[in-house]
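A.B. asks: Before I ask anything, here is the structure I am working with.
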Amino acid sequence: MASTNEVVKTTAVAPKAKTGKLQEFWHAVKKDWRLYSLLLLPLLHYIIFQYIPMYGVVIAFRRYQPGGPVYGSQWVGLRYFRMFLRDYGFWRAFRNNLIISIEYLVISFPFPIIFALLLNELKNLKCKRFVQTVSYLPHFISTVIVVGMLKEMLSPTIGIVNMALKALTGNTIDFLSEPKWFRTIYIVSGIWQQLGWNSIIYLAALTNINPELYDAAKVDGASRFQQIKYVTIPGILPTVMVILILNIGSLMSVGFEKILLLYNPLTYETADVISTFLYRMGLVNNNYSLGAAVGLCNSIIGVILLTSANFLSRKLTDSSLW
Amino acid sequence: MRISQRNKISVFDIINALIMIFVIVVTLYPFLYLTSISMSSEKFVYSGEITFYPKGFTLGTYKVLLKDTSFWISYRNTIIYTVLGTLISLALTILLAYPLSKKRLKGRSVFLGIILFTMFFSGGLIPTYLLVTRMLRMRNTIWAVVIPGAISTYNVLITRTFCEGLPEELEEAAAIDGMSTYGIFFKIVLPLSKPILATMGLFYAVGMWNNWFGPFIYLDTKSLFPVSLYLRNIIAGAQSTREVVGGDVEGIGDIEATIKSASMIVSALPIIMIYPFVQKYFVKGVMIGSLKG
């Protein structure tokens with residue numbers, strides 16, 4: 001009802017609008033300034049905290065001097081890009097980033113789906129709700145505490161995991177100091193953190209499946225497994241595809257904070273990723289330009305991945321981010 | 001046949017129930033483990049004897065923690081940051097989401113474009129750090145904690161979807177009665193938006209409660225640290241436990257584990273306690289978001 005009103009209004013104004021969109025815009029602002037004024041503070045926030053730093057990326061091409069201009073002064077071109085591209089540490093971080101991201105995606109992705117399917121088969125609604133509530137909890141626990149828990153449980157002297165290992169094999173493993181264990185710890189704890197929370201979206205998709213389909217399947221004599229195979233799984237497949245593509249789009253963004261808390265120089269070999277590498281270059285070594293250059297490179301990789309994932313999503317599933 | 005199918009408990013149901021029990025145990029066990037360590041006497045903790053329940057039950061660790069003023073100062077800071085940060089975030093979010101939900105807002109797509117663009121490209125850590133510390137001189141102030149990350153674009157989009165569903169007739173009637181846009185916003189839109197504000201408030205509050213990286217790079221003064229940063233420091237070992245417990249304690253290793261566990265439990269407690277009652281709001285938020293996405 002309201003929208004027809006809008007249409008009438010806009011068409012009435014339309015002939016005037018020939019004078020230019022900008023003029024039309026200022027006219028609207030003048031007439032409806034109260035509505036526009038609401039936008040002022042939030043937009044200012046975006047400009048200051050998002051767009052100024054975007055401009056600040058120029059520091060990657062400039063030399064920074066303490067006390068000088070905030071985003072550097074002397075133009076040095078691609079100097080810092082050449083610097084990190086020649087750095088073994090960057091390529092190690094790049095490789096680790098890729099491996100951790102892909103391993104995490106491949107290994108963790110099926111769990112929330114299986115969990116949602118199993119939850120869906122629980123007949124007792126109270127039980128179902130209880131399991132759900134418990135399973136979401138880790139998502140709300142801070143990374144600091146998750147890492148604190150890991151450190152205590154994996155401690156070689158007092159941790160429960162090593163006590164069990166000692167009883168079984170007689171040996172202990174200093175998990176957090178051994179590069180070969182880092183990814184396993186990162187992935188397993190990630191599954192623990194996100195299993196329940198990530199299943200919400202699949203549960204929502206499951207409740208949207210038409211119950212008549214199940215009835216029809218039952219009439220045809222389908223067993224429970226056949227119902228899952230022929231009704232449930234096809235029903236959530238579109239959602240699964242969308243989530244998968246979104247995940248591919250943000251593939252390179254790893255849990256920066258978790259890695260920063262969990263790694264140490266002993267495990268850099270497998271644990272150091274691009275974001276932690278740039279953090280050390282930029283804020284620990286105070287080489288702002290170098291850090292910004294790595295950051296820019298990382299952002300560009302991210303944009304490329306997201307754009308191509310979105311493109312794929314539109315081609316394959318008809319749903320996309322934009 | 002149908003009835004028998006409905007009431008029969010199959011092998012599948014038993015296996016499924018076992019899997020669910022396994023998930024619950026695995027999810028809750030780390031919390032149980034931490035609690036047990038924090039309530040056990042050091043002797044048992046140090047010999048690695050704690051598995052499921054406290055051994056040599058004692059609340060001594062909590063008494064030590066209770067006396068540690070730096071812990072409580074940081075706890076108080078966390079509460080201040082969370083309350084203030086959530087209020088700022090909510091205000092900015094609704095102020096942006098409401099106008100963007102209005103079709104009559106000319107230039108809407110441009111504004112939307114401005115905020116959407118930040119979802120896939122950002123200046124990154126270093127330029128933001130320089131902005132906050134050098135341009136705005138916010139280092140070592142509460143503002144560096146609560147302002148830079150105040151708006152989540154994702155939350156703005158969810159709130160905007162909600163605002164689009166508000167009854168237009170009500171606002172139009174009020175406008176005809178001579179109420180200004182401000183009046184409509186404060187007297188009609190805000191009260192009607194309580195559910196979404198509650199949901200977003202919870203998201204922002206949890207985020208702020210758990211936030212440690214911002215404070216970590218922007219704050220140097222210990223008396224400003226939030227509890228998450230305090231925890232980070234004792235977990236990373238940057239702050240010696242000796243300092244925390246006041247010095248002359250023997251066998252620092254075991255005290256360390258009990259103190260760490262107790263601090264973690266105490267700082268996660270508000271979330272663990274409130275969470276079961278409010279989780280439906282979180283889920284609602286995700287649902288609104290997923291409908292859009």
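By order of appearance in the structure tokens: chains A, B, ..., then residues from 1 within every chain, and ligands from 1 in the order shown.
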Hey, what's within 9 Å of A:Leu290 if we count only C-alpha atoms and toss same-chain stuff fewer than 2 positions away? As an NGL selection string, please?
C.D. replies: :A and (59-61 or 79-81 or 83-84 or 278 or 281-282 or 286-288 or 292-295)
A.B. asks: Using only C-alpha atoms, which residues sit within 12 Å of B:Lys280 once same-chain residues fewer than 3 positions away are excluded, as a PDB file with C-alpha atoms, in the first residue's frame?
C.D. replies:
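Writing the result to selection23.pdb gives the following:
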ATOM      1  CA  ARG A 129      16.575 -27.873  22.358  1.00  0.00           C
ATOM      2  CA  GLN A 132      21.273 -27.145  20.676  1.00  0.00           C
ATOM      3  CA  THR A 133      21.679 -24.774  23.604  1.00  0.00           C
ATOM      4  CA  TYR A 136      26.105 -23.075  20.763  1.00  0.00           C
ATOM      5  CA  TRP A 197      26.594 -22.343  15.827  1.00  0.00           C
ATOM      6  CA  ILE A 200      21.808 -23.164  12.901  1.00  0.00           C
TER       7      ILE A 200
ATOM      8  CA  PRO B 195      13.479  -7.076  19.685  1.00  0.00           C
ATOM      9  CA  ALA B 198      18.015  -6.656  22.102  1.00  0.00           C
ATOM     10  CA  THR B 199      19.489  -9.121  19.617  1.00  0.00           C
ATOM     11  CA  LEU B 202      23.685  -9.022  22.785  1.00  0.00           C
ATOM     12  CA  ILE B 274      23.160 -15.365  30.964  1.00  0.00           C
ATOM     13  CA  TYR B 275      23.648 -17.249  27.739  1.00  0.00           C
ATOM     14  CA  PRO B 276      21.012 -20.031  28.101  1.00  0.00           C
ATOM     15  CA  PHE B 277      18.301 -17.429  28.673  1.00  0.00           C
ATOM     16  CA  VAL B 283      19.534 -17.513  16.939  1.00  0.00           C
ATOM     17  CA  LYS B 284      16.839 -15.079  15.813  1.00  0.00           C
ATOM     18  CA  GLY B 285      19.536 -12.683  14.659  1.00  0.00           C
ATOM     19  CA  VAL B 286      21.202 -15.380  12.599  1.00  0.00           C
ATOM     20  CA  MET B 287      17.850 -16.348  11.088  1.00  0.00           C
TER      21      MET B 287
END
A.B. asks: Extract the full set of helix (DSSP H, G or I) residues from stretch 138-292 of chain A according to DSSP on the backbone, and format it as number ranges by chain.
C.D. replies: A: 138-140, 143-154, 160-169, 175-177, 179-207, 211-219, 224-249, 256-262, 265-271, 274-284, 288-292
A.B. asks: Can you spit out the residues from that selection as a short mmCIF file (atom, residue, chain, number, x, y, z; two decimals), in the first residue's frame, using C-alpha atoms?
C.D. replies:
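And here's result11.cif as it stands now:
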data_model
loop_
_atom_site.label_atom_id
_atom_site.label_comp_id
_atom_site.auth_asym_id
_atom_site.auth_seq_id
_atom_site.Cartn_x
_atom_site.Cartn_y
_atom_site.Cartn_z
CA PRO A 138 31.54 -22.41 22.80
CA HIS A 139 30.81 -19.85 20.08
CA PHE A 140 30.34 -17.20 22.77
CA THR A 143 39.29 -16.81 22.01
CA VAL A 144 41.53 -16.01 24.96
CA ILE A 145 39.69 -18.51 27.12
CA VAL A 146 39.56 -21.15 24.40
CA VAL A 147 43.32 -20.87 23.99
CA GLY A 148 43.76 -20.85 27.77
CA MET A 149 41.78 -24.09 27.97
CA LEU A 150 43.85 -25.64 25.21
CA LYS A 151 47.08 -24.70 26.93
CA GLU A 152 45.96 -26.25 30.20
CA MET A 153 44.54 -29.40 28.67
CA LEU A 154 47.56 -29.94 26.45
CA ILE A 160 44.68 -34.21 30.96
CA VAL A 161 45.59 -35.14 27.39
CA ASN A 162 49.20 -35.85 28.24
CA MET A 163 48.25 -37.65 31.45
CA ALA A 164 46.11 -39.97 29.35
CA LEU A 165 48.91 -40.37 26.80
CA LYS A 166 51.38 -41.15 29.55
CA ALA A 167 49.12 -43.81 30.98
CA LEU A 168 48.64 -45.38 27.56
CA THR A 169 52.04 -45.02 25.92
CA PHE A 175 51.76 -30.30 21.56
CA LEU A 176 52.04 -26.52 21.48
CA SER A 177 55.77 -26.55 20.80
CA PRO A 179 54.98 -27.60 14.49
CA LYS A 180 53.41 -30.81 13.25
CA TRP A 181 50.61 -30.61 15.82
CA PHE A 182 49.62 -27.00 15.28
CA ARG A 183 47.10 -27.47 12.48
CA THR A 184 45.42 -30.38 14.21
CA ILE A 185 44.97 -28.31 17.36
CA TYR A 186 43.72 -25.33 15.39
CA ILE A 187 41.21 -27.35 13.39
CA VAL A 188 39.90 -29.57 16.17
CA SER A 189 39.39 -26.64 18.52
CA GLY A 190 37.75 -24.73 15.67
CA ILE A 191 35.25 -27.53 15.19
CA TRP A 192 34.60 -27.52 18.93
CA GLN A 193 33.98 -23.76 18.84
CA GLN A 194 31.72 -23.58 15.80
CA LEU A 195 29.95 -26.94 15.41
CA GLY A 196 26.65 -25.92 17.00
CA TRP A 197 26.59 -22.34 15.83
CA ASN A 198 27.26 -23.22 12.22
CA SER A 199 24.50 -25.81 12.29
CA ILE A 200 21.81 -23.16 12.90
CA ILE A 201 21.53 -22.25 9.26
CA TYR A 202 21.13 -25.89 8.22
CA LEU A 203 18.51 -26.45 10.90
CA ALA A 204 16.61 -23.48 9.51
CA ALA A 205 16.81 -25.01 6.04
CA LEU A 206 15.58 -28.34 7.42
CA THR A 207 12.48 -26.80 8.98
CA PRO A 211 6.45 -32.12 5.53
CA GLU A 212 4.21 -33.52 2.80
CA LEU A 213 7.32 -34.76 1.05
CA TYR A 214 8.04 -36.99 4.07
CA ASP A 215 4.48 -38.24 4.15
CA ALA A 216 4.64 -39.07 0.48
CA ALA A 217 7.94 -40.86 0.97
CA LYS A 218 6.45 -42.86 3.86
CA VAL A 219 3.46 -43.87 1.77
CA ARG A 224 14.27 -43.55 7.48
CA PHE A 225 17.58 -43.62 5.69
CA GLN A 226 15.83 -43.42 2.36
CA GLN A 227 13.84 -40.43 3.62
CA ILE A 228 17.05 -38.70 4.64
CA LYS A 229 18.70 -39.57 1.36
CA TYR A 230 15.84 -38.60 -0.96
CA VAL A 231 14.05 -35.82 0.93
CA THR A 232 16.23 -34.24 3.59
CA ILE A 233 19.54 -34.01 1.80
CA PRO A 234 18.14 -32.65 -1.48
CA GLY A 235 16.14 -30.20 0.66
CA ILE A 236 19.19 -28.62 2.27
CA LEU A 237 21.56 -28.94 -0.66
CA PRO A 238 21.03 -25.36 -1.94
CA THR A 239 21.86 -23.98 1.51
CA VAL A 240 24.93 -26.19 1.70
CA MET A 241 26.11 -24.90 -1.66
CA VAL A 242 25.66 -21.26 -0.71
CA ILE A 243 27.52 -21.69 2.57
CA LEU A 244 30.30 -23.60 0.84
CA ILE A 245 30.76 -20.87 -1.74
CA LEU A 246 30.70 -18.16 0.91
CA ASN A 247 33.37 -20.09 2.79
CA ILE A 248 35.51 -20.31 -0.30
CA GLY A 249 35.06 -16.57 -0.71
CA PHE A 256 43.99 -14.39 13.27
CA GLU A 257 43.41 -13.86 16.99
CA LYS A 258 43.43 -17.56 17.78
CA ILE A 259 46.65 -18.15 15.92
CA LEU A 260 48.25 -15.11 17.51
CA LEU A 261 47.40 -16.50 20.94
CA LEU A 262 48.23 -20.08 20.14
CA PRO A 265 58.39 -19.02 17.64
CA LEU A 266 58.78 -22.79 17.91
CA THR A 267 55.72 -23.37 15.76
CA TYR A 268 56.02 -20.48 13.27
CA GLU A 269 57.09 -23.05 10.72
CA THR A 270 53.52 -24.29 10.36
CA ALA A 271 51.51 -21.72 12.32
CA ILE A 274 49.79 -13.81 6.48
CA SER A 275 47.87 -11.84 9.08
CA THR A 276 50.18 -12.82 11.93
CA PHE A 277 53.22 -12.21 9.73
CA LEU A 278 52.05 -8.71 8.87
CA TYR A 279 51.22 -8.06 12.51
CA ARG A 280 54.81 -8.89 13.49
CA MET A 281 56.32 -6.93 10.61
CA GLY A 282 54.08 -3.92 11.18
CA LEU A 283 53.40 -3.57 14.87
CA VAL A 284 56.11 -5.61 16.59
CA TYR A 288 54.50 0.19 9.18
CA SER A 289 55.03 0.44 5.44
CA LEU A 290 56.07 -3.17 5.10
CA GLY A 291 53.12 -4.31 7.22
CA ALA A 292 50.71 -2.22 5.17
#
A.B. asks: Name the residues in contact with B:Thr181 at a cut-off of 9 Å, using only C-alpha atoms, excluding same-chain residues fewer than 3 positions from it; report them as a PDB file with N, CA and C atoms, in the first residue's frame.
C.D. replies:
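Now in result29.pdb:
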ATOM      1  N   ASP A  32      13.766  16.663   3.472  1.00  0.00           N
ATOM      2  CA  ASP A  32      13.684  15.574   4.453  1.00  0.00           C
ATOM      3  C   ASP A  32      14.934  15.568   5.325  1.00  0.00           C
ATOM      4  N   ARG A  34      15.697  15.928   8.304  1.00  0.00           N
ATOM      5  CA  ARG A  34      15.742  15.202   9.588  1.00  0.00           C
ATOM      6  C   ARG A  34      16.137  13.738   9.365  1.00  0.00           C
ATOM      7  N   LEU A  35      15.559  13.151   8.327  1.00  0.00           N
ATOM      8  CA  LEU A  35      15.878  11.742   8.046  1.00  0.00           C
ATOM      9  C   LEU A  35      17.363  11.600   7.688  1.00  0.00           C
TER      10      LEU A  35
ATOM     11  N   GLU B 171       3.724   4.974  10.835  1.00  0.00           N
ATOM     12  CA  GLU B 171       4.576   6.143  10.683  1.00  0.00           C
ATOM     13  C   GLU B 171       3.871   7.214   9.850  1.00  0.00           C
ATOM     14  N   ALA B 175       2.949  10.980  10.866  1.00  0.00           N
ATOM     15  CA  ALA B 175       3.412  12.114  10.064  1.00  0.00           C
ATOM     16  C   ALA B 175       2.250  13.043   9.726  1.00  0.00           C
ATOM     17  N   ILE B 184       8.928  10.491  15.176  1.00  0.00           N
ATOM     18  CA  ILE B 184       8.590   9.138  14.712  1.00  0.00           C
ATOM     19  C   ILE B 184       9.702   8.169  15.091  1.00  0.00           C
ATOM     20  N   PHE B 185      10.951   8.612  14.877  1.00  0.00           N
ATOM     21  CA  PHE B 185      12.086   7.730  15.163  1.00  0.00           C
ATOM     22  C   PHE B 185      12.126   7.352  16.640  1.00  0.00           C
ATOM     23  N   PHE B 186      11.996   8.352  17.515  1.00  0.00           N
ATOM     24  CA  PHE B 186      12.141   8.056  18.949  1.00  0.00           C
ATOM     25  C   PHE B 186      10.892   7.438  19.561  1.00  0.00           C
TER      26      PHE B 186
END
A.B. asks: When you count only C-alpha atoms, which of these residues is closest to chain B: A:Val70, A:Leu85, A:Met252, A:Leu316?
C.D. replies: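 Closest to chain B, using only C-alpha atoms: A:Val70.
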A.B. asks: Select, from B:Pro148, B:Gly178, B:Gly85, B:Gly201, the residue with the minimum atom-to-atom distance to chain A, counting only C-alpha atoms.
C.D. replies: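 Looking at the shortest contact to chain A, the residue is B:Pro148.
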A.B. asks: For stretch 108-110 of chain B, please output as a PyMOL selection string all residues within 12 Å (counting only C-alpha atoms; exclusion window: fewer than 2 positions along the same chain).
C.D. replies: (chain A and resi 22+25+28-29+35-36+39+43) or (chain B and resi 96-106+112-117)
